[in-house]
>>> print(open('work.pdb').read())   # PDB, C-alpha atoms
ATOM      1  CA  MET A 387     -10.786 -15.439  22.252
ATOM      2  CA  ASP A 388     -10.454 -12.149  20.326
ATOM      3  CA  ASP A 389     -12.897  -9.251  20.220
ATOM      4  CA  CYS A 390     -14.563 -10.478  17.042
ATOM      5  CA  ASP A 391     -15.398 -13.847  18.614
ATOM      6  CA  ARG A 392     -16.588 -12.225  21.826
ATOM      7  CA  TRP A 393     -19.090  -9.889  20.143
ATOM      8  CA  ASP A 394     -20.062 -12.014  17.146
ATOM      9  CA  ASP A 395     -23.310 -13.553  18.498
ATOM     10  CA  GLY A 396     -25.847 -12.971  15.745
ATOM     11  CA  TRP A 397     -23.729 -10.400  13.942
ATOM     12  CA  GLY A 398     -21.934 -12.718  11.507
ATOM     13  CA  ILE A 399     -18.651 -10.830  11.734
ATOM     14  CA  ASP A 400     -16.561 -13.916  11.014
ATOM     15  CA  ALA A 401     -18.684 -14.782   7.966
ATOM     16  CA  TRP A 402     -18.393 -11.220   6.706
ATOM     17  CA  LEU A 403     -14.616 -11.247   7.092
ATOM     18  CA  ASP A 404     -14.438 -14.583   5.269
ATOM     19  CA  SER A 405     -16.360 -13.027   2.375
ATOM     20  CA  LEU A 406     -13.643 -10.396   1.816
ATOM     21  CA  ILE A 407     -11.590 -12.573  -0.500
ATOM     22  CA  SER A 408      -9.998  -9.654  -2.399
ATOM     23  CA  VAL A 409      -8.800  -7.873   0.760
ATOM     24  CA  ALA A 410      -5.228  -8.167   2.007
ATOM     25  CA  ASP A 411      -4.703  -9.920   5.349
ATOM     26  CA  SER A 412      -3.421  -6.722   6.963
ATOM     27  CA  THR A 413      -6.521  -4.813   5.830
ATOM     28  CA  ARG A 414      -8.806  -7.615   6.994
ATOM     29  CA  ALA A 415      -7.205  -7.405  10.432
ATOM     30  CA  VAL A 416      -8.030  -3.688  10.609
ATOM     31  CA  TYR A 417     -11.615  -4.407   9.525
ATOM     32  CA  ALA A 418     -11.867  -7.065  12.236
ATOM     33  CA  ARG A 419     -10.743  -4.637  14.952
ATOM     34  CA  ASP A 420     -13.032  -1.845  13.750
ATOM     35  CA  ALA A 421     -16.022  -4.180  13.448
ATOM     36  CA  ALA A 422     -15.375  -5.589  16.924
ATOM     37  CA  ALA A 423     -15.187  -2.083  18.428
ATOM     38  CA  SER A 424     -18.410  -0.896  16.802
ATOM     39  CA  THR A 425     -20.297  -4.089  17.605
ATOM     40  CA  ARG A 426     -19.187  -3.901  21.234
ATOM     41  CA  TRP A 427     -20.458  -0.320  21.429
ATOM     42  CA  PHE A 428     -23.823  -1.271  19.908
ATOM     43  CA  VAL A 429     -24.261  -4.132  22.373
ATOM     44  CA  GLU A 430     -23.292  -1.947  25.339
ATOM     45  CA  ILE A 431     -26.048   0.578  24.539
ATOM     46  CA  GLY A 432     -28.610  -2.193  24.207
ATOM     47  CA  VAL A 433     -28.575  -2.898  20.472
ATOM     48  CA  SER A 434     -28.030  -6.642  20.455
ATOM     49  CA  ARG A 435     -28.428  -7.505  16.760
ATOM     50  CA  PRO A 436     -27.661  -5.833  13.432
ATOM     51  CA  ALA A 437     -31.346  -5.592  12.468
ATOM     52  CA  ASP A 438     -31.862  -3.141  15.360
ATOM     53  CA  VAL A 439     -29.155  -0.706  14.203
ATOM     54  CA  ASP A 440     -30.637   2.397  12.570
ATOM     55  CA  ARG A 441     -29.055   5.477  11.060
ATOM     56  CA  ARG A 442     -29.389   7.455  14.281
ATOM     57  CA  THR A 443     -27.455   4.757  16.165
ATOM     58  CA  VAL A 444     -24.669   4.802  13.593
ATOM     59  CA  ARG A 445     -24.499   8.599  13.754
ATOM     60  CA  ARG A 446     -24.262   8.455  17.547
ATOM     61  CA  TYR A 447     -21.393   5.994  17.293
ATOM     62  CA  LEU A 448     -19.425   8.114  14.806
ATOM     63  CA  ALA A 449     -20.142  11.312  16.757
ATOM     64  CA  GLY A 450     -18.826   9.615  19.889
ATOM     65  CA  LEU A 451     -15.613   8.739  18.093
ATOM     66  CA  THR A 452     -15.185  12.349  16.981
ATOM     67  CA  SER A 453     -15.859  13.769  20.441
ATOM     68  CA  GLY A 454     -13.525  11.136  21.868
ATOM     69  CA  GLY A 455     -10.615  12.650  19.978
ATOM     70  CA  TYR A 456     -10.292  10.252  17.036
ATOM     71  CA  ALA A 457      -8.783  11.837  13.930
ATOM     72  CA  PRO A 458     -11.201  12.543  11.052
ATOM     73  CA  ARG A 459      -9.338  10.069   8.862
ATOM     74  CA  THR A 460      -9.775   7.329  11.482
ATOM     75  CA  VAL A 461     -13.493   8.073  11.886
ATOM     76  CA  SER A 462     -13.853   7.992   8.102
ATOM     77  CA  ARG A 463     -12.171   4.581   7.976
ATOM     78  CA  LYS A 464     -14.395   3.184  10.705
ATOM     79  CA  ALA A 465     -17.468   4.507   8.876
ATOM     80  CA  SER A 466     -16.247   2.819   5.701
ATOM     81  CA  VAL A 467     -15.933  -0.492   7.567
ATOM     82  CA  LEU A 468     -19.510  -0.138   8.818
ATOM     83  CA  ARG A 469     -20.703   0.532   5.259
ATOM     84  CA  ARG A 470     -19.015  -2.613   3.990
ATOM     85  CA  TYR A 471     -20.378  -4.712   6.834
ATOM     86  CA  PHE A 472     -23.976  -3.503   6.553
ATOM     87  CA  ASP A 473     -23.943  -3.803   2.769
ATOM     88  CA  TRP A 474     -22.988  -7.442   3.265
ATOM     89  CA  ALA A 475     -25.583  -7.832   6.057
ATOM     90  CA  ARG A 476     -28.315  -6.512   3.739
ATOM     91  CA  ARG A 477     -27.282  -8.818   0.891
ATOM     92  CA  THR A 478     -27.228 -11.842   3.181
ATOM     93  CA  GLY A 479     -30.552 -11.060   4.874
ATOM     94  CA  LEU A 480     -29.244 -10.115   8.324
ATOM     95  CA  VAL A 481     -30.829  -6.671   7.968
ATOM     96  CA  ALA A 482     -33.766  -5.512   5.869
ATOM     97  CA  ALA A 483     -32.233  -2.110   5.107
ATOM     98  CA  ASP A 484     -28.707  -0.717   5.218
ATOM     99  CA  PRO A 485     -28.561   1.980   7.958
ATOM    100  CA  THR A 486     -25.325   3.409   6.523
ATOM    101  CA  LEU A 487     -26.718   4.056   3.036
ATOM    102  CA  GLY A 488     -25.954   7.663   2.088
ATOM    103  CA  LEU A 489     -24.240   8.262   5.420
ATOM    104  CA  SER A 490     -21.510  10.898   5.318
ATOM    105  CA  SER A 491     -18.464  10.881   7.538
ATOM    106  CA  PRO A 492     -15.670  13.355   8.236
ATOM    107  CA  ARG A 493     -12.727  13.243   5.907
ATOM    108  CA  GLY A 494      -9.182  13.907   6.937
ATOM    109  CA  PRO A 495      -7.254  16.698   5.304
ATOM    110  CA  SER A 496      -6.131  15.891   1.797
ATOM    111  CA  LYS A 497      -2.475  14.969   1.744
ATOM    112  CA  LEU A 498      -0.659  14.557  -1.542
ATOM    113  CA  PRO A 499       1.859  11.719  -1.853
ATOM    114  CA  ALA A 500       5.485  12.691  -1.349
ATOM    115  CA  VAL A 501       7.489  12.793  -4.586
ATOM    116  CA  LEU A 502      11.272  12.734  -4.561
ATOM    117  CA  THR A 503      13.240  15.574  -6.075
ATOM    118  CA  ASP A 504      15.760  14.953  -8.854
ATOM    119  CA  GLU A 505      18.550  15.462  -6.333
ATOM    120  CA  GLN A 506      17.053  12.918  -3.899
ATOM    121  CA  LEU A 507      16.671  10.393  -6.712
ATOM    122  CA  SER A 508      20.220  10.988  -7.839
ATOM    123  CA  VAL A 509      21.535  10.249  -4.350
ATOM    124  CA  LEU A 510      19.440   7.098  -3.944
ATOM    125  CA  ILE A 511      20.352   5.645  -7.324
ATOM    126  CA  ASP A 512      23.675   7.096  -8.463
ATOM    127  CA  LYS A 513      25.380   8.539  -5.379
ATOM    128  CA  PRO A 514      24.159   6.627  -2.317
ATOM    129  CA  ALA A 515      25.042   8.175   1.002
ATOM    130  CA  ARG A 516      26.504   5.013   2.564
ATOM    131  CA  ALA A 517      27.842   2.611  -0.037
ATOM    132  CA  GLY A 518      31.129   1.104  -1.112
ATOM    133  CA  GLU A 519      31.806  -1.013   1.973
ATOM    134  CA  ASP A 520      30.067  -4.132   0.626
ATOM    135  CA  THR A 521      30.015  -4.655  -3.149
ATOM    136  CA  ALA A 522      27.453  -7.478  -3.066
ATOM    137  CA  ARG A 523      25.106  -5.546  -0.814
ATOM    138  CA  ASP A 524      25.449  -2.440  -2.979
ATOM    139  CA  ALA A 525      24.560  -4.476  -6.073
ATOM    140  CA  ARG A 526      21.426  -5.807  -4.393
ATOM    141  CA  ASP A 527      20.421  -2.392  -3.090
ATOM    142  CA  LEU A 528      20.851  -0.788  -6.513
ATOM    143  CA  ALA A 529      18.599  -3.427  -8.097
ATOM    144  CA  ILE A 530      15.987  -2.754  -5.402
ATOM    145  CA  VAL A 531      15.836   1.016  -5.885
ATOM    146  CA  GLU A 532      15.913   0.677  -9.687
ATOM    147  CA  MET A 533      12.874  -1.622  -9.537
ATOM    148  CA  LEU A 534      10.964   0.486  -7.031
ATOM    149  CA  TYR A 535      11.452   3.634  -9.093
ATOM    150  CA  GLY A 536      11.655   2.150 -12.599
ATOM    151  CA  SER A 537       8.587  -0.108 -12.286
ATOM    152  CA  GLY A 538       6.603   1.445  -9.437
ATOM    153  CA  LEU A 539       6.356  -1.785  -7.462
ATOM    154  CA  ARG A 540       4.873  -1.952  -4.005
ATOM    155  CA  VAL A 541       7.459  -3.043  -1.454
ATOM    156  CA  SER A 542       5.455  -6.207  -0.732
ATOM    157  CA  GLU A 543       5.462  -7.036  -4.448
ATOM    158  CA  LEU A 544       9.221  -6.596  -4.667
ATOM    159  CA  CYS A 545       9.807  -8.774  -1.595
ATOM    160  CA  GLY A 546       7.687 -11.544  -3.103
ATOM    161  CA  LEU A 547       9.518 -11.680  -6.441
ATOM    162  CA  ARG A 548      10.764 -15.083  -7.546
ATOM    163  CA  ARG A 549      13.243 -15.813 -10.318
ATOM    164  CA  GLU A 550      10.557 -17.419 -12.466
ATOM    165  CA  HIS A 551       8.629 -14.125 -12.413
ATOM    166  CA  LEU A 552      11.452 -12.239 -14.132
ATOM    167  CA  ASP A 553      11.889 -12.122 -17.895
ATOM    168  CA  LEU A 554      14.971  -9.970 -18.358
ATOM    169  CA  GLN A 555      15.150 -10.670 -22.078
ATOM    170  CA  ALA A 556      11.660  -9.214 -22.541
ATOM    171  CA  ALA A 557      12.365  -6.569 -19.855
ATOM    172  CA  GLN A 558       9.301  -7.382 -17.784
ATOM    173  CA  THR A 559       8.185  -9.138 -14.631
ATOM    174  CA  ARG A 560       5.024 -10.643 -13.208
ATOM    175  CA  VAL A 561       3.895  -9.375  -9.830
ATOM    176  CA  TRP A 562       0.971 -10.151  -7.541
ATOM    177  CA  GLY A 563      -0.586  -7.062  -6.020
ATOM    178  CA  LYS A 564      -3.432  -6.485  -3.594
ATOM    179  CA  GLY A 565      -6.086  -9.149  -3.706
ATOM    180  CA  ALA A 566      -3.591 -11.541  -5.352
ATOM    181  CA  LYS A 567      -4.155  -9.811  -8.695
ATOM    182  CA  GLU A 568      -1.475 -10.618 -11.242
ATOM    183  CA  ARG A 569      -0.103  -8.030 -13.649
ATOM    184  CA  ILE A 570       2.830  -7.683 -16.040
ATOM    185  CA  VAL A 571       5.137  -4.760 -15.309
ATOM    186  CA  PRO A 572       7.876  -3.502 -17.657
ATOM    187  CA  LEU A 573      11.443  -3.222 -16.401
ATOM    188  CA  SER A 574      13.637  -0.259 -17.228
ATOM    189  CA  ASP A 575      17.002  -0.835 -18.886
ATOM    190  CA  PRO A 576      18.883   0.249 -15.722
ATOM    191  CA  ALA A 577      16.747  -2.146 -13.642
ATOM    192  CA  CYS A 578      17.516  -5.036 -16.006
ATOM    193  CA  GLU A 579      21.241  -4.319 -15.847
ATOM    194  CA  ALA A 580      21.162  -4.018 -12.064
ATOM    195  CA  LEU A 581      19.224  -7.279 -11.747
ATOM    196  CA  LYS A 582      21.667  -9.111 -14.009
ATOM    197  CA  GLY A 583      24.585  -7.867 -11.924
ATOM    198  CA  TRP A 584      22.927  -8.889  -8.676
ATOM    199  CA  LEU A 585      21.660 -12.304  -9.772
ATOM    200  CA  LYS A 586      24.668 -13.456 -11.790
ATOM    201  CA  THR A 587      27.533 -12.012  -9.794
ATOM    202  CA  HIS A 588      26.557 -11.145  -6.227
ATOM    203  CA  ARG A 589      23.479 -13.028  -5.004
ATOM    204  CA  HIS A 590      25.534 -16.114  -4.147
ATOM    205  CA  ALA A 591      27.304 -14.119  -1.423
ATOM    206  CA  PHE A 592      24.026 -14.056   0.559
ATOM    207  CA  VAL A 593      23.152 -17.722   0.136
ATOM    208  CA  THR A 594      23.034 -19.965   3.214
ATOM    209  CA  GLN A 595      21.653 -23.424   3.867
ATOM    210  CA  HIS A 596      18.310 -21.778   4.707
ATOM    211  CA  THR A 597      18.110 -19.658   1.558
ATOM    212  CA  PRO A 598      15.032 -20.193  -0.645
ATOM    213  CA  ALA A 599      16.464 -20.940  -4.079
ATOM    214  CA  ASP A 600      13.872 -19.023  -6.060
ATOM    215  CA  MET A 601      13.624 -15.699  -4.192
ATOM    216  CA  VAL A 602      15.147 -12.759  -6.070
ATOM    217  CA  PHE A 603      16.129 -10.563  -3.141
ATOM    218  CA  LEU A 604      17.830 -11.847   0.002
ATOM    219  CA  ASN A 605      18.719 -10.153   3.270
ATOM    220  CA  GLN A 606      21.982 -10.483   5.168
ATOM    221  CA  ARG A 607      20.751 -13.713   6.789
ATOM    222  CA  GLY A 608      20.061 -15.346   3.444
ATOM    223  CA  ARG A 609      16.299 -15.078   3.895
ATOM    224  CA  ALA A 610      13.765 -13.457   1.588
ATOM    225  CA  MET A 611      13.732  -9.684   1.965
ATOM    226  CA  THR A 612      11.012  -8.159   4.145
ATOM    227  CA  PRO A 613       9.521  -4.641   3.928
ATOM    228  CA  ARG A 614      11.597  -3.717   6.972
ATOM    229  CA  ASP A 615      14.757  -4.853   5.162
ATOM    230  CA  VAL A 616      13.825  -2.658   2.204
ATOM    231  CA  ARG A 617      13.287   0.292   4.519
ATOM    232  CA  ARG A 618      16.832  -0.224   5.822
ATOM    233  CA  VAL A 619      18.130  -0.219   2.246
ATOM    234  CA  ILE A 620      16.491   3.151   1.555
ATOM    235  CA  ASP A 621      17.683   4.580   4.870
ATOM    236  CA  ARG A 622      21.233   3.498   4.092
ATOM    237  CA  ARG A 623      21.282   5.103   0.649
ATOM    238  CA  SER A 624      19.441   8.376   1.346
ATOM    239  CA  VAL A 625      20.646  11.479   3.121
ATOM    240  CA  ALA A 626      17.164  12.396   4.403
ATOM    241  CA  PRO A 627      14.332  10.214   5.779
ATOM    242  CA  THR A 628      12.672   8.586   2.773
ATOM    243  CA  HIS A 629       9.884   6.033   2.744
ATOM    244  CA  PRO A 630      10.247   3.266   0.113
ATOM    245  CA  HIS A 631       6.712   4.013  -1.115
ATOM    246  CA  ALA A 632       7.903   7.476  -2.169
ATOM    247  CA  LEU A 633       9.673   5.772  -5.090
ATOM    248  CA  ARG A 634       6.329   4.391  -6.283
ATOM    249  CA  HIS A 635       4.761   7.838  -5.948
ATOM    250  CA  THR A 636       7.640   9.322  -7.922
ATOM    251  CA  PHE A 637       7.321   6.664 -10.647
ATOM    252  CA  ALA A 638       3.623   7.476 -11.152
ATOM    253  CA  THR A 639       4.094  11.239 -11.053
ATOM    254  CA  HIS A 640       6.991  11.204 -13.521
ATOM    255  CA  LEU A 641       4.922   9.109 -15.936
ATOM    256  CA  LEU A 642       2.101  11.655 -15.851
ATOM    257  CA  ASP A 643       4.598  14.533 -16.106
ATOM    258  CA  GLY A 644       5.880  12.851 -19.266
ATOM    259  CA  GLY A 645       2.423  12.627 -20.822
ATOM    260  CA  ALA A 646       1.394   9.048 -19.938
ATOM    261  CA  ASP A 647      -2.316   8.237 -20.066
ATOM    262  CA  LEU A 648      -3.959   7.927 -16.661
ATOM    263  CA  ARG A 649      -5.406   4.502 -17.545
ATOM    264  CA  VAL A 650      -1.933   3.236 -18.414
ATOM    265  CA  VAL A 651      -0.570   4.456 -15.092
ATOM    266  CA  GLN A 652      -3.498   2.792 -13.326
ATOM    267  CA  GLU A 653      -2.645  -0.524 -14.966
ATOM    268  CA  LEU A 654       1.055  -0.231 -14.212
ATOM    269  CA  LEU A 655       0.373   0.524 -10.547
ATOM    270  CA  GLY A 656      -2.210  -2.245 -10.238
ATOM    271  CA  HIS A 657      -4.972   0.045  -8.951
ATOM    272  CA  SER A 658      -8.452  -1.482  -9.177
ATOM    273  CA  ASP A 659     -10.090   1.966  -9.044
ATOM    274  CA  ILE A 660      -8.869   4.810 -11.250
ATOM    275  CA  ALA A 661      -9.857   7.260  -8.501
ATOM    276  CA  THR A 662      -6.849   5.976  -6.552
ATOM    277  CA  THR A 663      -4.581   6.817  -9.475
ATOM    278  CA  GLN A 664      -6.080  10.276  -9.985
ATOM    279  CA  ILE A 665      -4.329  11.588  -6.884
ATOM    280  CA  TYR A 666      -1.165  11.669  -8.975
ATOM    281  CA  THR A 667      -2.725  14.121 -11.417
ATOM    282  CA  HIS A 668      -3.059  16.505  -8.450
ATOM    283  CA  VAL A 669       0.580  15.898  -7.562
ATOM    284  CA  SER A 670       1.634  16.587 -11.141
ATOM    285  CA  ARG A 671      -0.380  19.825 -11.289
ATOM    286  CA  GLU A 672       1.027  20.964  -7.962
ATOM    287  CA  ARG A 673       4.540  20.343  -9.244
ATOM    288  CA  LEU A 674       3.803  22.488 -12.288
ATOM    289  CA  ARG A 675       2.476  25.279 -10.070
ATOM    290  CA  GLU A 676       5.577  25.098  -7.900
ATOM    291  CA  VAL A 677       7.844  25.337 -10.963
ATOM    292  CA  HIS A 678       5.823  28.322 -12.151
ATOM    293  CA  ARG A 679       5.983  30.038  -8.756
ATOM    294  CA  SER A 680       9.720  29.519  -8.427
ATOM    295  CA  SER A 681      10.685  30.261 -12.044
ATOM    296  CA  HIS A 682       8.407  32.966 -13.416
ATOM    297  CA  PRO A 683       9.332  36.556 -12.456
ATOM    298  CA  ARG A 684       5.698  37.595 -11.992
ATOM    299  CA  ALA A 685       4.358  34.390 -10.435
TER     300      ALA A 685
END
>>> encode(input="work.pdb", output="structure tokens")
Amino acid sequence: MDDCDRWDDGWGIDAWLDSLISVADSTRAVYARDAAASTRWFVEIGVSRPADVDRRTVRRYLAGLTSGGYAPRTVSRKASVLRRYFDWARRTGLVAADPTLGLSSPRGPSKLPAVLTDEQLSVLIDKPARAGEDTARDARDLAIVEMLYGSGLRVSELCGLRREHLDLQAAQTRVWGKGAKERIVPLSDPACEALKGWLKTHRHAFVTQHTPADMVFLNQRGRAMTPRDVRRVIDRRSVAPTHPHALRHTFATHLLDGGADLRVVQELLGHSDIATTQIYTHVSRERLREVHRSSHPRA
């Protein structure tokens, strides 16, 4: 029995989690843990049902997390989970009023996404640090980095690609992002060429009796690529530690640097909220400031 089951009497945690149909499984698991922890705390101080939770109780809980050494970002996340739960509890009649309405919580320090330099990109794509030993593997790895940078895919989206999703003639692919939302993403010319080379000439070298016939990218065991496999690809090609998601950040930032409309970038990235995309405008501005500081004699 997990924590959610143990502390779910009258709280409806399982029903709330089931209602989150647009939330990824990994995110739902985090929500489950956070909800279990908060519910356990409420019960331990004598608050046995959601209708008895008031704003003061919620503030005490969050203050306890802060004094207990939790990072501001973690406290903010846990507060967000409580907001989602109590909003659902109000709508379903478990509580008459939402005790988290208007509640503020500490925010972690703003951290801009890491964007690769031109030199780092050049190494990853054109001059990989460790390549040349395995032609088939190099062909696969090149197609991976071209798609991550050229189309801004999430790693999970790339790992889930099937042959039927690709339309190389139209230079586009279908992907399923967070919440199983489908979108059409354009493919760059280099990505199309790299994919053709991988699929037509080299993919067969990875095929085993266990290989799924329709998966685009395969690992050394002939299985569908996993995010960990992709991380190994990036580690092998780069000279400095680089997270695969940095290629997505770089894709978005370079689009905005080139004058792309923010709404277009939002659609390409598959963001449901434009506020998520707006972080890249800050990255772009910071890059401009850095160029000014390093290039202008009186900066």
>>> residues_around(input="work.pdb", residues="Val481 (chain A)", least_positions_apart="2", cutoff="8 Å", atoms="all atoms listed in the file", output="count of residues only")
9
>>> resolve_selection(input="work.pdb", expression="the PyMOL selection byres ((chain A and resi 637) around 9)", output="PDB file with C-alpha atoms, keeping the file's coordinate frame")
ATOM      1  CA  VAL A 501       7.489  12.793  -4.586  1.00  0.00           C
ATOM      2  CA  LEU A 534      10.964   0.486  -7.031  1.00  0.00           C
ATOM      3  CA  TYR A 535      11.452   3.634  -9.093  1.00  0.00           C
ATOM      4  CA  GLY A 536      11.655   2.150 -12.599  1.00  0.00           C
ATOM      5  CA  SER A 537       8.587  -0.108 -12.286  1.00  0.00           C
ATOM      6  CA  GLY A 538       6.603   1.445  -9.437  1.00  0.00           C
ATOM      7  CA  ALA A 632       7.903   7.476  -2.169  1.00  0.00           C
ATOM      8  CA  LEU A 633       9.673   5.772  -5.090  1.00  0.00           C
ATOM      9  CA  ARG A 634       6.329   4.391  -6.283  1.00  0.00           C
ATOM     10  CA  HIS A 635       4.761   7.838  -5.948  1.00  0.00           C
ATOM     11  CA  THR A 636       7.640   9.322  -7.922  1.00  0.00           C
ATOM     12  CA  ALA A 638       3.623   7.476 -11.152  1.00  0.00           C
ATOM     13  CA  THR A 639       4.094  11.239 -11.053  1.00  0.00           C
ATOM     14  CA  HIS A 640       6.991  11.204 -13.521  1.00  0.00           C
ATOM     15  CA  LEU A 641       4.922   9.109 -15.936  1.00  0.00           C
ATOM     16  CA  LEU A 642       2.101  11.655 -15.851  1.00  0.00           C
TER      17      LEU A 642
END
>>> residues_around(input="work.pdb", residues="Gln595 (chain A)", least_positions_apart="3", cutoff="12 Å", atoms="all atoms listed in the file", output="list of chain:residue names")
A:His590, A:Phe592, A:Pro598, A:Ala599, A:Arg607, A:Gly608, A:Arg609
>>> write_last_selection(input="work.pdb", atoms="C-alpha atoms", output="PDB file, in the coordinates of the input")
ATOM      1  CA  HIS A 590      25.534 -16.114  -4.147  1.00  0.00           C
ATOM      2  CA  PHE A 592      24.026 -14.056   0.559  1.00  0.00           C
ATOM      3  CA  PRO A 598      15.032 -20.193  -0.645  1.00  0.00           C
ATOM      4  CA  ALA A 599      16.464 -20.940  -4.079  1.00  0.00           C
ATOM      5  CA  ARG A 607      20.751 -13.713   6.789  1.00  0.00           C
ATOM      6  CA  GLY A 608      20.061 -15.346   3.444  1.00  0.00           C
ATOM      7  CA  ARG A 609      16.299 -15.078   3.895  1.00  0.00           C
TER       8      ARG A 609
END
>>> closest_residue(input="work.pdb", among="A:Ala610, A:Val541, A:Leu648, A:Ala482", to="His596 (chain A)", atoms="all atoms listed in the file")
A:Ala610
>>> axis_aligned_box(input="work.pdb", around="region 626-631 of chain A", padding_each_side="8 Å", output="JSON")
{"center_x": 11.9, "center_y": 7.8, "center_z": 2.3, "size_x": 26.5, "size_y": 25.1, "size_z": 22.9}
>>> closest_atom_pairs(input="work.pdb", of="region 415-457 of chain A", to="region 463-469 of chain A", cutoff="9 Å", atoms="all atoms listed in the file", output="tab-separated table")
residue	atom	partner	partner_atom	distance
A:Tyr417	CA	A:Val467	CA	6.1
A:Asp420	CA	A:Lys464	CA	6.0
A:Ala421	CA	A:Val467	CA	6.9
A:Ser424	CA	A:Leu468	CA	8.1
A:Val444	CA	A:Leu468	CA	8.6
A:Leu448	CA	A:Ala465	CA	7.2
>>> resolve_selection(input="work.pdb", expression="the PyMOL selection byres ((chain A and resi 504-520) around 9)", output="ChimeraX atom specification")
/A:502-503,521-525,528,531-532,535,620,622-626,633
>>> residues_around(input="work.pdb", residues="Lys567 (chain A)", least_positions_apart="6", cutoff="9 Å", atoms="all atoms listed in the file", output="number ranges by chain")
A: 408, 561, 656
>>> write_last_selection(input="work.pdb", atoms="C-alpha atoms", output="mmCIF file, keeping the file's coordinate frame")
data_model
loop_
_atom_site.group_PDB
_atom_site.id
_atom_site.type_symbol
_atom_site.label_atom_id
_atom_site.label_comp_id
_atom_site.auth_asym_id
_atom_site.auth_seq_id
_atom_site.Cartn_x
_atom_site.Cartn_y
_atom_site.Cartn_z
ATOM 1 C CA SER A 408 -9.998 -9.654 -2.399
ATOM 2 C CA VAL A 561 3.895 -9.375 -9.830
ATOM 3 C CA GLY A 656 -2.210 -2.245 -10.238
#
>>> resolve_selection(input="work.pdb", expression="the PyMOL selection byres ((chain A and resi 550) around 10)", output="PDB file with C-alpha atoms, keeping the file's coordinate frame")
ATOM      1  CA  LEU A 547       9.518 -11.680  -6.441  1.00  0.00           C
ATOM      2  CA  ARG A 548      10.764 -15.083  -7.546  1.00  0.00           C
ATOM      3  CA  ARG A 549      13.243 -15.813 -10.318  1.00  0.00           C
ATOM      4  CA  HIS A 551       8.629 -14.125 -12.413  1.00  0.00           C
ATOM      5  CA  LEU A 552      11.452 -12.239 -14.132  1.00  0.00           C
ATOM      6  CA  ASP A 553      11.889 -12.122 -17.895  1.00  0.00           C
ATOM      7  CA  THR A 559       8.185  -9.138 -14.631  1.00  0.00           C
ATOM      8  CA  ARG A 560       5.024 -10.643 -13.208  1.00  0.00           C
ATOM      9  CA  ASP A 600      13.872 -19.023  -6.060  1.00  0.00           C
ATOM     10  CA  MET A 601      13.624 -15.699  -4.192  1.00  0.00           C
ATOM     11  CA  VAL A 602      15.147 -12.759  -6.070  1.00  0.00           C
TER      12      VAL A 602
END
>>> closest_residue(input="work.pdb", among="A:Leu655, A:Leu539, A:Arg618, A:Thr443", to="Asn605 (chain A)", atoms="only C-alpha atoms")
A:Arg618
>>> closest_residue(input="work.pdb", among="A:Arg526, A:Val616, A:Leu654, A:Gly546", to="Ala577 (chain A)", atoms="only C-alpha atoms")
A:Arg526
>>> atom_distance(input="work.pdb", atom1="CA of Leu403 (chain A)", atom2="CA of Gln664 (chain A)")
28.8 Å
>>> closest_residue(input="work.pdb", among="A:Val416, A:Val439, A:Val571, A:Ala661", to="Thr486 (chain A)", atoms="all atoms listed in the file")
A:Val439
>>> closest_residue(input="work.pdb", among="A:Lys564, A:Arg671, A:Arg441, A:His588", to="Ala529 (chain A)", atoms="all atoms listed in the file")
A:His588
>>> closest_residue(input="work.pdb", among="A:Val619, A:Ala415, A:Arg442, A:Gly583", to="Phe428 (chain A)", atoms="all atoms listed in the file")
A:Arg442
>>> atom_distance(input="work.pdb", atom1="CA of Leu554 (chain A)", atom2="CA of Met611 (chain A)")
20.4 Å
